[in-house]
Number of protein chains: 2
Amino acid sequence: MLDERKRKILQAIINDYISTAEPIGSRTIARKYDLGISPATIRNEMADLELLGYIEQLHTSSGRIPSAKGYRLYVDALLSPETITEKEINLISNWYDVKVRRVEEVFQETAKIISRMTKNISLVLAPQLSQATFRYLQFLPLDESRVIVVVMTDSGFVENKVIVMPSGTTVEDLQRIALVVNKHLAGQALDSIKPSVLRRIKADVLANSRFFDVAMEAISQALTVDKKERVYLGGTTQLLNQPEFRDIDKVKNIFLMLEEEQLLCDLLHAHDGEGIAVTIGQENKYSGIQECSMISATYKLDGQIIGTIAVLGPTRMEYGKIMTLLDFMNSNLGQILKKYKL
Amino acid sequence: MLDERKRKILQAIINDYISTAEPIGSRTIARKYDLGISPATIRNEMADLELLGYIEQLHTSSGRIPSAKGYRLYVDALLSPETITEKEINLISNWYDVKVRRVEEVFQETAKIISRMTKNISLVLAPQLSQATFRYLQFLPLDESRVIVVVMTDSGFVENKVIVMPSGTTVEDLQRIALVVNKHLAGQALDSIKPSVLRRIKADVLANSRFFDVAMEAISQALTVDKKERVYLGGTTQLLNQPEFRDIDKVKNIFLMLEEEQLLCDLLHAHDGEGIAVTIGQENKYSGIQECSMISATYKLDGQIIGTIAVLGPTRMEYGKIMTLLDFMNSNLGQILKKYKL
DNA sequence: CATTAGCACTCACTAGTATAGAGTGCTAAC
DNA sequence: GTTAGCACTCTATACTAGTGAGTGCTAATG
């Protein structure tokens with residue numbers, strides 16, 4: 001383990017690099033940080049730190065920058081605790097009050113708040129519908145031939161799908177099917193409702209089998225279609241403000257990744273335990289963001305993890321501040337969801 | 001008006017600049033395009049074209065590039081007609097078949113197709129709900145205190161909102177309210193349903209006034225909330241492939257604009273007549289895209305204009321090809337919407 | 001014996017200069 | 001009217017110091 005002085009110096013290097021994005025030399029450390037030692041001593045310590053792999057040099061006569069290993073130690077042990085201010089809390093709750101009118105908007109706005117406050121890209125993985133449980137389904141006639149299947153879940157999410165019914169289907173036919181289906185599926189998790197389950201139901205509705213197939217098709221579509229989780233992005237342009245991303249090609253790689261929703265889902269799922277996770281640089285699986293760090297946090301509703309929020313930025317990011325914010329946001333998000341869902 | 005030879009030369013300059021992004025000189029024109037005249041003659045003609053404002057020079061010894069006025073003439077008069085290939089048509093219909101499962105996805109996928117095929121940013125303005133007309137509304141009980149208000153429109157769009165009802169509300173109360181509301185609102189355009197209209201209804205439901213206020217609040221929310229039109233974006237990263245956007249700051253401006261949905265709506269509404277519109281460079285109202293051109297086309301459903309599709313890119317874009325594609329897409333979109341809406 | 005002053009050395013960055021090359025406008029010949 | 005020829009302009013590239021921030025090493029110091 002590093003001694004106190006080495007840690008102080010490493011901390012100074014990282015803090016400075018985080019705010020300036022410039023390599024930092026022994027002179028500057030001695031001047032800016034009051035460590036009571038001369039540049040020469042700092043140089044010796046820095047040589048040690050470099051040997052240990054915590055910092056690196058771009059070329060022999062440049063200052064030092066933190067290495068991935070350095071950031072890792074920083075995040076794990078050197079981070080000075082940050083608190084979220086009263087002002088920030090007000091800003092957040094005010095934002096929700098003004099901008100959010102319905103559940104679905106919570107996620108997009110959460111992403112916006114986070115990116116605004118951290119000056120980085122934010123990602124919000126919204127809960128999959130499949131984790132919800134089926135409450136009931138209802139057919140609402142639209143006109144002579146078309147019917148809307150409305151599927152309701154426990155938590156109040158509503159999924160709907162317009163279908164065309166064979167001519168001659170009556171409202172009563174539909175109600176009978178709904179009755180049977182509801183009896184079978186009530187309380188089941190959406191992702192446990194597989195074609196086999198639906199087929200078993202069929203036996204119970206034999207009398208109406210003519211409409212059943214169409215209805216089942218629609219139901220299974222209404223059920224599956226939104227299993228696809230949604231990722232909401234915020235502040236993608238923030239990346240363009242970072243000096244390490246002046247290079248269009250680096251930016252392009254990352255933006256291309258951000259356009260692939262499935263990839264983002266996977267990325268956010270990499271962390272599916274509780275609490276906050278930090279992946280630094282090459283720790284990231286996707287090569288496009290190996291010059292980035294990602295801080296992610298899972299949030300809960302009624303004690304169950306239902307989604308993830310994350311911040312993506314250059315490895316040189318304000319870990320402390322962002323972790324504190326995400327911690328606050330994710331403990332908050334459950335309540336906010338409840339509130340807006342009613 | 002320009003004589004034939006001048007037009008040929010201007011056409012050559014613009015075509016070449018569109019494909020190379022490099023200023024073009026008299027020598028190159030003579031070599032690449034078989035006009036039967038010498039570089040010197042071309043130089044003379046180019047001097048004229050510059051005097052007339054159709055082309056410009058970056059500095060005295062550089063080749064010429066088209067000016068905004070040049071592009072304008074090109075688009076209005078010089079464009080060689082392009083046709084869409086069988087292969088492309090298949091690609092498009094196949095894309096819809098594979099990717100689109102529900103109405104809402106049509107717009108996002110349309111944006112993706114267009115950006116993929118044009119290598120530029122695409123924007124799709126999806127129909128506002130407010131243009132739809134109210135069909136009927138229904139209350140679906142969720143649990144003891146919560147109810148879902150489902151509002152259905154003519155075209156089969158469904159809007160829903162969870163509300164909390166005062167304790168003691170019965171299903172019959174709700175049905176009575178629904179009945180009255182439906183009687184009053186059926187067939188009305190959503191954006192004509194204002195608070196004053198709702199208040200007038202109140203008289204008819206006096207017996208249930210206790211629940212009425214809550215219900216009305218929810219209804220008006222369900223009605224207004226999605227008046228907000230949605231803009232779907234595709235291929236924003238394509239911009240980064242353009243040589244004229246190697247500069248991060250230019251890109252940033254445009255990306256910032258793309259994040260503001262309201263702005264994009266306004267932009268797309270600038271063209272609300274029929275057919276295709278092209279705005280070139282400074283013709284654009286928003287300063288951020290004055291180095292861009294935008295080609296937009298409105299699409300219809302049942303004879304009525306319901307939205308806009310557009311392509312945004314550098315002024316140096318393949319006008320002919322893109323206009324042909326948009327023309328095809330917008331004439332196609334109505335059918336596709338019908339098909340997937342069913 | 002850890003610390004520090006001093007110094008030679010390295011290397012990116014900047015400014016200045018020369019050169020090459022693409023393209024022009026003008027003039028005179030065809 | 002068209003074109004060959006030529007002097008001229010201006011960018012882009014390569015090369016060459018010169019500057020300065022920062023280092024590592026050595027020897028002196030408390």
# chains A, B, ... in the order shown; residues from 1 in each chain; ligands from 1

call {"tool": "residues_around", "arguments": {"residues": "Leu2 of chain B", "least_positions_apart": "2", "cutoff": "12 Å", "atoms": "only C-alpha atoms (C1' of nucleotides)", "output": "list in words"}}
result
Glu4, Arg5, Lys6, Arg7, Lys8, Ile9, Leu10, Gln11, Glu45, Asp48, Leu49, Leu52, Gly53, Tyr54, Gly70, Leu73, Tyr74, Ala77 and Leu78 of chain B

call {"tool": "closest_atom_pairs", "arguments": {"of": "chain C", "to": "chain A", "cutoff": "10 Å", "atoms": "only C-alpha atoms (C1' of nucleotides)", "output": "JSON lines"}}
result
{"residue": "C:DA2", "atom": "C1'", "partner": "A:Thr41", "partner_atom": "CA", "distance": 9.2}
{"residue": "C:DT3", "atom": "C1'", "partner": "A:Thr41", "partner_atom": "CA", "distance": 6.6}
{"residue": "C:DT4", "atom": "C1'", "partner": "A:Ala40", "partner_atom": "CA", "distance": 6.4}
{"residue": "C:DA5", "atom": "C1'", "partner": "A:Ala40", "partner_atom": "CA", "distance": 8.6}
{"residue": "C:DC9", "atom": "C1'", "partner": "A:Ser61", "partner_atom": "CA", "distance": 9.4}
{"residue": "C:DT10", "atom": "C1'", "partner": "A:Ser61", "partner_atom": "CA", "distance": 5.7}
{"residue": "C:DC11", "atom": "C1'", "partner": "A:Ser61", "partner_atom": "CA", "distance": 5.8}
{"residue": "C:DA12", "atom": "C1'", "partner": "A:Ser62", "partner_atom": "CA", "distance": 8.3}

call {"tool": "interface_residues", "arguments": {"of": "chain D", "to": "chain B", "cutoff": "10 Å", "atoms": "only C-alpha atoms (C1' of nucleotides)", "output": "list of chain:residue names"}}
result
D:DG1, D:DT2, D:DT3, D:DA4, D:DC8, D:DT9, D:DC10, D:DT11

call {"tool": "write_last_selection", "arguments": {"atoms": "all heavy atoms", "output": "compact mmCIF listing (two decimals), in the first residue's frame"}}
result
# COMPACT_ATOMS: atom_id res chain seq x y z
P DG D 1 -17.06 37.38 -79.81
OP1 DG D 1 -18.45 37.84 -79.74
OP2 DG D 1 -16.00 38.13 -79.12
O5' DG D 1 -17.02 35.89 -79.25
C5' DG D 1 -17.75 34.88 -79.91
C4' DG D 1 -16.89 33.66 -80.08
O4' DG D 1 -15.66 34.06 -80.76
C3' DG D 1 -16.47 32.99 -78.78
O3' DG D 1 -16.50 31.59 -78.98
C2' DG D 1 -15.05 33.48 -78.56
C1' DG D 1 -14.54 33.59 -80.00
N9 DG D 1 -13.48 34.55 -80.18
C8 DG D 1 -13.46 35.88 -79.85
N7 DG D 1 -12.34 36.48 -80.16
C5 DG D 1 -11.56 35.47 -80.73
C6 DG D 1 -10.25 35.51 -81.24
O6 DG D 1 -9.49 36.47 -81.31
N1 DG D 1 -9.84 34.27 -81.70
C2 DG D 1 -10.61 33.13 -81.68
N2 DG D 1 -10.06 32.03 -82.18
N3 DG D 1 -11.84 33.08 -81.21
C4 DG D 1 -12.25 34.28 -80.74
P DT D 2 -16.23 30.62 -77.78
OP1 DT D 2 -17.01 29.39 -77.98
OP2 DT D 2 -16.34 31.42 -76.55
O5' DT D 2 -14.71 30.25 -78.02
C5' DT D 2 -14.34 29.53 -79.20
C4' DT D 2 -12.86 29.26 -79.18
O4' DT D 2 -12.12 30.50 -79.32
C3' DT D 2 -12.33 28.59 -77.91
O3' DT D 2 -11.66 27.39 -78.30
C2' DT D 2 -11.41 29.63 -77.29
C1' DT D 2 -10.97 30.43 -78.51
N1 DT D 2 -10.55 31.84 -78.27
C2 DT D 2 -9.28 32.21 -78.63
O2 DT D 2 -8.46 31.48 -79.15
N3 DT D 2 -8.98 33.55 -78.38
C4 DT D 2 -9.82 34.48 -77.81
O4 DT D 2 -9.44 35.63 -77.64
C5 DT D 2 -11.13 34.00 -77.44
C7 DT D 2 -12.10 34.93 -76.80
C6 DT D 2 -11.45 32.71 -77.68
P DT D 3 -11.18 26.37 -77.20
OP1 DT D 3 -11.28 25.01 -77.77
OP2 DT D 3 -11.84 26.69 -75.92
O5' DT D 3 -9.64 26.75 -77.11
C5' DT D 3 -8.86 26.71 -78.30
C4' DT D 3 -7.49 27.29 -78.03
O4' DT D 3 -7.59 28.73 -77.83
C3' DT D 3 -6.79 26.75 -76.79
O3' DT D 3 -5.45 26.43 -77.14
C2' DT D 3 -6.81 27.90 -75.82
C1' DT D 3 -6.70 29.08 -76.79
N1 DT D 3 -7.13 30.39 -76.26
C2 DT D 3 -6.30 31.48 -76.41
O2 DT D 3 -5.22 31.42 -76.96
N3 DT D 3 -6.79 32.65 -75.89
C4 DT D 3 -7.99 32.83 -75.24
O4 DT D 3 -8.32 33.94 -74.83
C5 DT D 3 -8.81 31.65 -75.10
C7 DT D 3 -10.13 31.74 -74.40
C6 DT D 3 -8.35 30.49 -75.61
P DA D 4 -4.80 25.12 -76.53
OP1 DA D 4 -4.90 24.03 -77.53
OP2 DA D 4 -5.32 24.92 -75.17
O5' DA D 4 -3.28 25.56 -76.45
C5' DA D 4 -2.65 26.10 -77.62
C4' DA D 4 -1.61 27.10 -77.22
O4' DA D 4 -2.25 28.33 -76.76
C3' DA D 4 -0.68 26.65 -76.09
O3' DA D 4 0.66 26.93 -76.47
C2' DA D 4 -1.11 27.50 -74.89
C1' DA D 4 -1.64 28.76 -75.56
N9 DA D 4 -2.68 29.48 -74.83
C8 DA D 4 -3.85 28.95 -74.32
N7 DA D 4 -4.62 29.82 -73.71
C5 DA D 4 -3.91 31.02 -73.83
C6 DA D 4 -4.21 32.32 -73.40
N6 DA D 4 -5.32 32.65 -72.74
N1 DA D 4 -3.30 33.28 -73.66
C2 DA D 4 -2.19 32.94 -74.32
N3 DA D 4 -1.80 31.75 -74.79
C4 DA D 4 -2.72 30.82 -74.51
P DC D 8 5.37 38.73 -62.36
OP1 DC D 8 5.46 40.20 -62.28
OP2 DC D 8 6.52 37.87 -61.98
O5' DC D 8 4.10 38.26 -61.52
C5' DC D 8 2.80 38.65 -61.96
C4' DC D 8 1.77 38.03 -61.06
O4' DC D 8 1.53 36.67 -61.47
C3' DC D 8 2.17 37.98 -59.58
O3' DC D 8 1.16 38.58 -58.80
C2' DC D 8 2.30 36.49 -59.29
C1' DC D 8 1.36 35.87 -60.32
N1 DC D 8 1.69 34.48 -60.69
C2 DC D 8 0.68 33.51 -60.65
O2 DC D 8 -0.45 33.85 -60.30
N3 DC D 8 0.98 32.22 -60.98
C4 DC D 8 2.22 31.91 -61.33
N4 DC D 8 2.46 30.63 -61.67
C5 DC D 8 3.27 32.87 -61.40
C6 DC D 8 2.96 34.14 -61.06
P DT D 9 1.39 38.78 -57.23
OP1 DT D 9 0.95 40.14 -56.88
OP2 DT D 9 2.75 38.30 -56.88
O5' DT D 9 0.34 37.76 -56.67
C5' DT D 9 -0.95 37.69 -57.25
C4' DT D 9 -1.75 36.62 -56.52
O4' DT D 9 -1.39 35.32 -57.04
C3' DT D 9 -1.48 36.56 -55.02
O3' DT D 9 -2.73 36.46 -54.37
C2' DT D 9 -0.63 35.32 -54.84
C1' DT D 9 -1.13 34.44 -55.98
N1 DT D 9 -0.16 33.43 -56.50
C2 DT D 9 -0.60 32.15 -56.69
O2 DT D 9 -1.71 31.77 -56.44
N3 DT D 9 0.35 31.29 -57.19
C4 DT D 9 1.66 31.61 -57.52
O4 DT D 9 2.42 30.77 -57.98
C5 DT D 9 2.04 32.98 -57.29
C7 DT D 9 3.43 33.42 -57.61
C6 DT D 9 1.13 33.83 -56.80
P DC D 10 -2.84 36.88 -52.82
OP1 DC D 10 -4.11 37.60 -52.64
OP2 DC D 10 -1.56 37.43 -52.34
O5' DC D 10 -3.02 35.43 -52.20
C5' DC D 10 -4.03 34.56 -52.74
C4' DC D 10 -3.73 33.15 -52.31
O4' DC D 10 -2.66 32.61 -53.12
C3' DC D 10 -3.27 33.04 -50.85
O3' DC D 10 -4.13 32.16 -50.18
C2' DC D 10 -1.85 32.52 -50.97
C1' DC D 10 -1.89 31.77 -52.29
N1 DC D 10 -0.57 31.57 -52.93
C2 DC D 10 -0.30 30.34 -53.53
O2 DC D 10 -1.16 29.46 -53.51
N3 DC D 10 0.92 30.15 -54.10
C4 DC D 10 1.82 31.13 -54.08
N4 DC D 10 3.00 30.89 -54.67
C5 DC D 10 1.56 32.39 -53.48
C6 DC D 10 0.36 32.56 -52.92
P DT D 11 -3.98 31.89 -48.63
OP1 DT D 11 -5.27 32.22 -47.99
OP2 DT D 11 -2.74 32.48 -48.13
O5' DT D 11 -3.84 30.30 -48.64
C5' DT D 11 -4.82 29.53 -49.32
C4' DT D 11 -4.32 28.11 -49.48
O4' DT D 11 -3.11 28.11 -50.27
C3' DT D 11 -3.97 27.41 -48.17
O3' DT D 11 -4.55 26.12 -48.19
C2' DT D 11 -2.45 27.38 -48.16
C1' DT D 11 -2.11 27.34 -49.65
N1 DT D 11 -0.80 27.93 -50.03
C2 DT D 11 0.09 27.17 -50.77
O2 DT D 11 -0.14 26.03 -51.12
N3 DT D 11 1.27 27.80 -51.09
C4 DT D 11 1.63 29.09 -50.76
O4 DT D 11 2.71 29.56 -51.10
C5 DT D 11 0.66 29.83 -49.99
C7 DT D 11 0.97 31.24 -49.57
C6 DT D 11 -0.50 29.23 -49.66

call {"tool": "interface_residues", "arguments": {"of": "chain A", "to": "chain B", "cutoff": "8 Å", "atoms": "only C-alpha atoms", "output": "list in words"}}
result
Arg101, Arg102, Leu142, Arg146, Ile148, Met152, Asp154, Gly156, Val158, Asn160, Lys161, Val162, Ile163, Val164, Val225, Thr237, Leu240, Arg246, Asp247, Ile248, Asp249, Lys252, Phe255, Leu256, Lys341 and Leu342 of chain A

call {"tool": "select_by_dssp", "arguments": {"residues": "segment 154-310 of chain A", "states": "strand (DSSP E)", "output": "compact mmCIF listing (two decimals) with all heavy atoms, in the first residue's frame"}}
result
# COMPACT_ATOMS: atom_id res chain seq x y z
N VAL A 158 -49.69 0.51 -19.21
CA VAL A 158 -50.74 0.08 -20.12
C VAL A 158 -50.13 -0.14 -21.50
O VAL A 158 -49.36 0.68 -21.97
CB VAL A 158 -51.84 1.16 -20.23
CG1 VAL A 158 -52.86 0.76 -21.26
CG2 VAL A 158 -52.49 1.37 -18.88
N GLU A 159 -50.44 -1.24 -22.06
CA GLU A 159 -49.93 -1.55 -23.39
C GLU A 159 -51.12 -1.77 -24.30
O GLU A 159 -52.10 -2.41 -23.89
CB GLU A 159 -49.08 -2.82 -23.30
CG GLU A 159 -48.15 -3.01 -24.44
CD GLU A 159 -47.36 -1.74 -24.71
OE1 GLU A 159 -46.71 -1.22 -23.78
OE2 GLU A 159 -47.44 -1.26 -25.84
N ASN A 160 -51.09 -1.22 -25.49
CA ASN A 160 -52.25 -1.45 -26.34
C ASN A 160 -51.85 -1.75 -27.77
O ASN A 160 -50.76 -1.43 -28.21
CB ASN A 160 -53.19 -0.25 -26.30
CG ASN A 160 -52.52 0.99 -26.83
OD1 ASN A 160 -52.26 1.07 -28.02
ND2 ASN A 160 -52.21 1.93 -25.97
N LYS A 161 -52.77 -2.36 -28.48
CA LYS A 161 -52.49 -2.82 -29.83
C LYS A 161 -53.81 -2.90 -30.58
O LYS A 161 -54.79 -3.46 -30.08
CB LYS A 161 -51.82 -4.21 -29.73
CG LYS A 161 -51.64 -4.93 -31.02
CD LYS A 161 -50.23 -4.74 -31.56
CE LYS A 161 -50.11 -5.39 -32.92
NZ LYS A 161 -49.83 -4.44 -33.98
N VAL A 162 -53.80 -2.32 -31.78
CA VAL A 162 -55.02 -2.37 -32.59
C VAL A 162 -54.99 -3.65 -33.43
O VAL A 162 -53.97 -3.97 -34.03
CB VAL A 162 -55.11 -1.15 -33.52
CG1 VAL A 162 -56.36 -1.23 -34.36
CG2 VAL A 162 -55.07 0.13 -32.72
N ILE A 163 -56.07 -4.39 -33.44
CA ILE A 163 -56.11 -5.58 -34.26
C ILE A 163 -57.41 -5.60 -35.10
O ILE A 163 -58.37 -4.94 -34.77
CB ILE A 163 -56.07 -6.88 -33.43
CG1 ILE A 163 -57.23 -6.89 -32.42
CG2 ILE A 163 -54.76 -7.02 -32.71
CD1 ILE A 163 -57.39 -8.21 -31.72
N VAL A 164 -57.34 -6.36 -36.18
CA VAL A 164 -58.53 -6.53 -37.01
C VAL A 164 -59.14 -7.89 -36.67
O VAL A 164 -58.44 -8.90 -36.65
CB VAL A 164 -58.17 -6.50 -38.50
CG1 VAL A 164 -59.38 -6.83 -39.35
CG2 VAL A 164 -57.62 -5.14 -38.87
N VAL A 231 -33.70 2.61 -23.55
CA VAL A 231 -32.62 3.40 -22.97
C VAL A 231 -32.82 4.85 -23.36
O VAL A 231 -33.01 5.16 -24.53
CB VAL A 231 -31.24 2.92 -23.47
CG1 VAL A 231 -30.14 3.81 -22.92
CG2 VAL A 231 -31.01 1.48 -23.07
N TYR A 232 -32.83 5.71 -22.37
CA TYR A 232 -32.95 7.14 -22.63
C TYR A 232 -31.58 7.79 -22.47
O TYR A 232 -30.86 7.51 -21.52
CB TYR A 232 -33.95 7.78 -21.68
CG TYR A 232 -35.35 7.25 -21.88
CD1 TYR A 232 -35.78 6.11 -21.21
CD2 TYR A 232 -36.22 7.89 -22.75
CE1 TYR A 232 -37.06 5.61 -21.40
CE2 TYR A 232 -37.50 7.41 -22.94
CZ TYR A 232 -37.92 6.26 -22.27
OH TYR A 232 -39.18 5.79 -22.47
N LEU A 233 -31.25 8.65 -23.42
CA LEU A 233 -29.95 9.31 -23.41
C LEU A 233 -30.10 10.78 -23.08
O LEU A 233 -31.09 11.40 -23.44
CB LEU A 233 -29.30 9.21 -24.79
CG LEU A 233 -28.77 7.85 -25.20
CD1 LEU A 233 -28.29 7.90 -26.63
CD2 LEU A 233 -27.64 7.46 -24.27
N GLY A 234 -29.12 11.31 -22.42
CA GLY A 234 -29.11 12.76 -22.17
C GLY A 234 -27.74 13.33 -22.40
O GLY A 234 -26.73 12.68 -22.13
N ILE A 276 -23.56 1.22 -6.55
CA ILE A 276 -22.87 1.94 -7.62
C ILE A 276 -21.68 1.17 -8.13
O ILE A 276 -20.92 0.60 -7.36
CB ILE A 276 -22.43 3.33 -7.10
CG1 ILE A 276 -23.66 4.18 -6.79
CG2 ILE A 276 -21.53 4.03 -8.10
CD1 ILE A 276 -23.35 5.61 -6.47
N ALA A 277 -21.51 1.15 -9.45
CA ALA A 277 -20.35 0.48 -10.03
C ALA A 277 -19.60 1.47 -10.92
O ALA A 277 -20.21 2.31 -11.57
CB ALA A 277 -20.80 -0.72 -10.86
N VAL A 278 -18.30 1.37 -10.90
CA VAL A 278 -17.48 2.23 -11.74
C VAL A 278 -16.61 1.37 -12.64
O VAL A 278 -15.88 0.51 -12.15
CB VAL A 278 -16.57 3.14 -10.88
CG1 VAL A 278 -15.75 4.07 -11.77
CG2 VAL A 278 -17.38 3.93 -9.88
N THR A 279 -16.71 1.57 -13.93
CA THR A 279 -15.78 0.89 -14.83
C THR A 279 -14.91 1.94 -15.49
O THR A 279 -15.41 2.94 -16.01
CB THR A 279 -16.49 0.07 -15.91
OG1 THR A 279 -17.46 0.88 -16.54
CG2 THR A 279 -17.16 -1.15 -15.33
N ILE A 280 -13.62 1.69 -15.46
CA ILE A 280 -12.66 2.71 -15.89
C ILE A 280 -11.93 2.25 -17.13
O ILE A 280 -11.33 1.18 -17.15
CB ILE A 280 -11.66 2.98 -14.76
CG1 ILE A 280 -12.38 3.55 -13.54
CG2 ILE A 280 -10.56 3.93 -15.24
CD1 ILE A 280 -11.58 3.52 -12.27
N CYS A 292 -13.14 5.88 -22.00
CA CYS A 292 -14.17 6.48 -21.15
C CYS A 292 -14.28 5.73 -19.83
O CYS A 292 -13.81 4.60 -19.70
CB CYS A 292 -15.53 6.43 -21.84
SG CYS A 292 -15.62 7.43 -23.33
N SER A 293 -14.92 6.37 -18.88
CA SER A 293 -15.33 5.66 -17.68
C SER A 293 -16.85 5.72 -17.61
O SER A 293 -17.47 6.61 -18.17
CB SER A 293 -14.75 6.30 -16.43
OG SER A 293 -13.39 5.97 -16.32
N MET A 294 -17.41 4.74 -16.94
CA MET A 294 -18.85 4.74 -16.77
C MET A 294 -19.17 4.47 -15.30
O MET A 294 -18.60 3.57 -14.70
CB MET A 294 -19.50 3.68 -17.65
CG MET A 294 -20.99 3.90 -17.78
SD MET A 294 -21.75 2.74 -18.92
CE MET A 294 -21.84 1.29 -17.90
N ILE A 295 -20.04 5.29 -14.78
CA ILE A 295 -20.51 5.08 -13.42
C ILE A 295 -21.97 4.72 -13.52
O ILE A 295 -22.75 5.44 -14.14
CB ILE A 295 -20.35 6.36 -12.57
CG1 ILE A 295 -18.90 6.84 -12.63
CG2 ILE A 295 -20.79 6.12 -11.14
CD1 ILE A 295 -18.65 8.09 -11.82
N SER A 296 -22.32 3.57 -12.96
CA SER A 296 -23.72 3.18 -13.08
C SER A 296 -24.30 2.82 -11.72
O SER A 296 -23.59 2.42 -10.81
CB SER A 296 -23.87 2.00 -14.04
OG SER A 296 -23.13 0.90 -13.57
N ALA A 297 -25.60 2.99 -11.60
CA ALA A 297 -26.28 2.72 -10.35
C ALA A 297 -27.64 2.13 -10.66
O ALA A 297 -28.31 2.57 -11.59
CB ALA A 297 -26.45 4.01 -9.55
N THR A 298 -28.02 1.12 -9.92
CA THR A 298 -29.35 0.54 -10.14
C THR A 298 -30.36 1.18 -9.21
O THR A 298 -30.03 1.58 -8.11
CB THR A 298 -29.33 -0.98 -9.87
OG1 THR A 298 -28.71 -1.20 -8.60
CG2 THR A 298 -28.52 -1.69 -10.92
N TYR A 299 -31.58 1.30 -9.71
CA TYR A 299 -32.62 1.86 -8.85
C TYR A 299 -33.74 0.85 -8.66
O TYR A 299 -33.89 -0.09 -9.42
CB TYR A 299 -33.16 3.19 -9.40
CG TYR A 299 -33.75 3.12 -10.78
CD1 TYR A 299 -35.11 2.89 -10.97
CD2 TYR A 299 -32.95 3.28 -11.90
CE1 TYR A 299 -35.66 2.84 -12.24
CE2 TYR A 299 -33.48 3.23 -13.18
CZ TYR A 299 -34.84 3.00 -13.34
OH TYR A 299 -35.38 2.95 -14.59
N LYS A 300 -34.48 1.07 -7.57
CA LYS A 300 -35.46 0.08 -7.17
C LYS A 300 -36.87 0.65 -7.12
O LYS A 300 -37.06 1.85 -6.97
CB LYS A 300 -35.13 -0.42 -5.76
CG LYS A 300 -33.80 -1.11 -5.62
CD LYS A 300 -33.65 -1.49 -4.15
CE LYS A 300 -32.36 -2.22 -3.88
NZ LYS A 300 -32.32 -2.63 -2.46
N LEU A 301 -37.81 -0.24 -7.22
CA LEU A 301 -39.19 0.14 -6.94
C LEU A 301 -39.75 -1.00 -6.08
O LEU A 301 -39.62 -2.17 -6.45
CB LEU A 301 -39.99 0.28 -8.24
CG LEU A 301 -41.44 0.73 -8.08
CD1 LEU A 301 -41.53 2.13 -7.51
CD2 LEU A 301 -42.17 0.68 -9.42
N GLN A 304 -37.41 -3.89 -5.38
CA GLN A 304 -36.85 -4.69 -6.45
C GLN A 304 -36.10 -3.81 -7.44
O GLN A 304 -36.57 -2.73 -7.80
CB GLN A 304 -37.99 -5.43 -7.18
CG GLN A 304 -37.67 -6.88 -7.45
CD GLN A 304 -38.58 -7.43 -8.54
OE1 GLN A 304 -39.67 -6.92 -8.77
NE2 GLN A 304 -38.10 -8.47 -9.21
N ILE A 305 -34.94 -4.29 -7.87
CA ILE A 305 -34.17 -3.52 -8.86
C ILE A 305 -34.92 -3.52 -10.18
O ILE A 305 -35.27 -4.57 -10.71
CB ILE A 305 -32.78 -4.13 -9.07
CG1 ILE A 305 -31.95 -3.95 -7.80
CG2 ILE A 305 -32.08 -3.50 -10.26
CD1 ILE A 305 -30.59 -4.63 -7.85
N ILE A 306 -35.19 -2.34 -10.72
CA ILE A 306 -35.96 -2.31 -11.96
C ILE A 306 -35.23 -1.61 -13.10
O ILE A 306 -35.70 -1.63 -14.23
CB ILE A 306 -37.33 -1.64 -11.76
CG1 ILE A 306 -37.16 -0.24 -11.16
CG2 ILE A 306 -38.22 -2.47 -10.88
CD1 ILE A 306 -38.41 0.59 -11.25
N GLY A 307 -34.12 -0.97 -12.80
CA GLY A 307 -33.45 -0.26 -13.89
C GLY A 307 -32.09 0.27 -13.47
O GLY A 307 -31.66 0.07 -12.33
N THR A 308 -31.44 0.92 -14.40
CA THR A 308 -30.09 1.42 -14.16
C THR A 308 -29.97 2.84 -14.68
O THR A 308 -30.52 3.17 -15.72
CB THR A 308 -29.07 0.54 -14.92
OG1 THR A 308 -29.32 -0.83 -14.62
CG2 THR A 308 -27.65 0.89 -14.54
N ILE A 309 -29.25 3.66 -13.94
CA ILE A 309 -28.88 4.96 -14.47
C ILE A 309 -27.36 5.02 -14.54
O ILE A 309 -26.69 4.41 -13.71
CB ILE A 309 -29.42 6.14 -13.64
CG1 ILE A 309 -29.05 5.99 -12.16
CG2 ILE A 309 -30.92 6.22 -13.76
CD1 ILE A 309 -29.61 7.09 -11.30
N ALA A 310 -26.83 5.70 -15.51
CA ALA A 310 -25.38 5.71 -15.67
C ALA A 310 -24.90 7.02 -16.25
O ALA A 310 -25.66 7.76 -16.88
CB ALA A 310 -24.95 4.56 -16.57

call {"tool": "select_by_dssp", "arguments": {"residues": "segment 76-316 of chain A", "states": "alpha helix (DSSP H)", "output": "number ranges by chain"}}
result
A: 86-99, 103-118, 171-185, 195-202, 209-224, 248-258, 261-269

call {"tool": "atom_distance", "arguments": {"atom1": "atom C1' of DA14 of chain D", "atom2": "atom CA of Glu244 of chain B"}}
result
25.6 Å
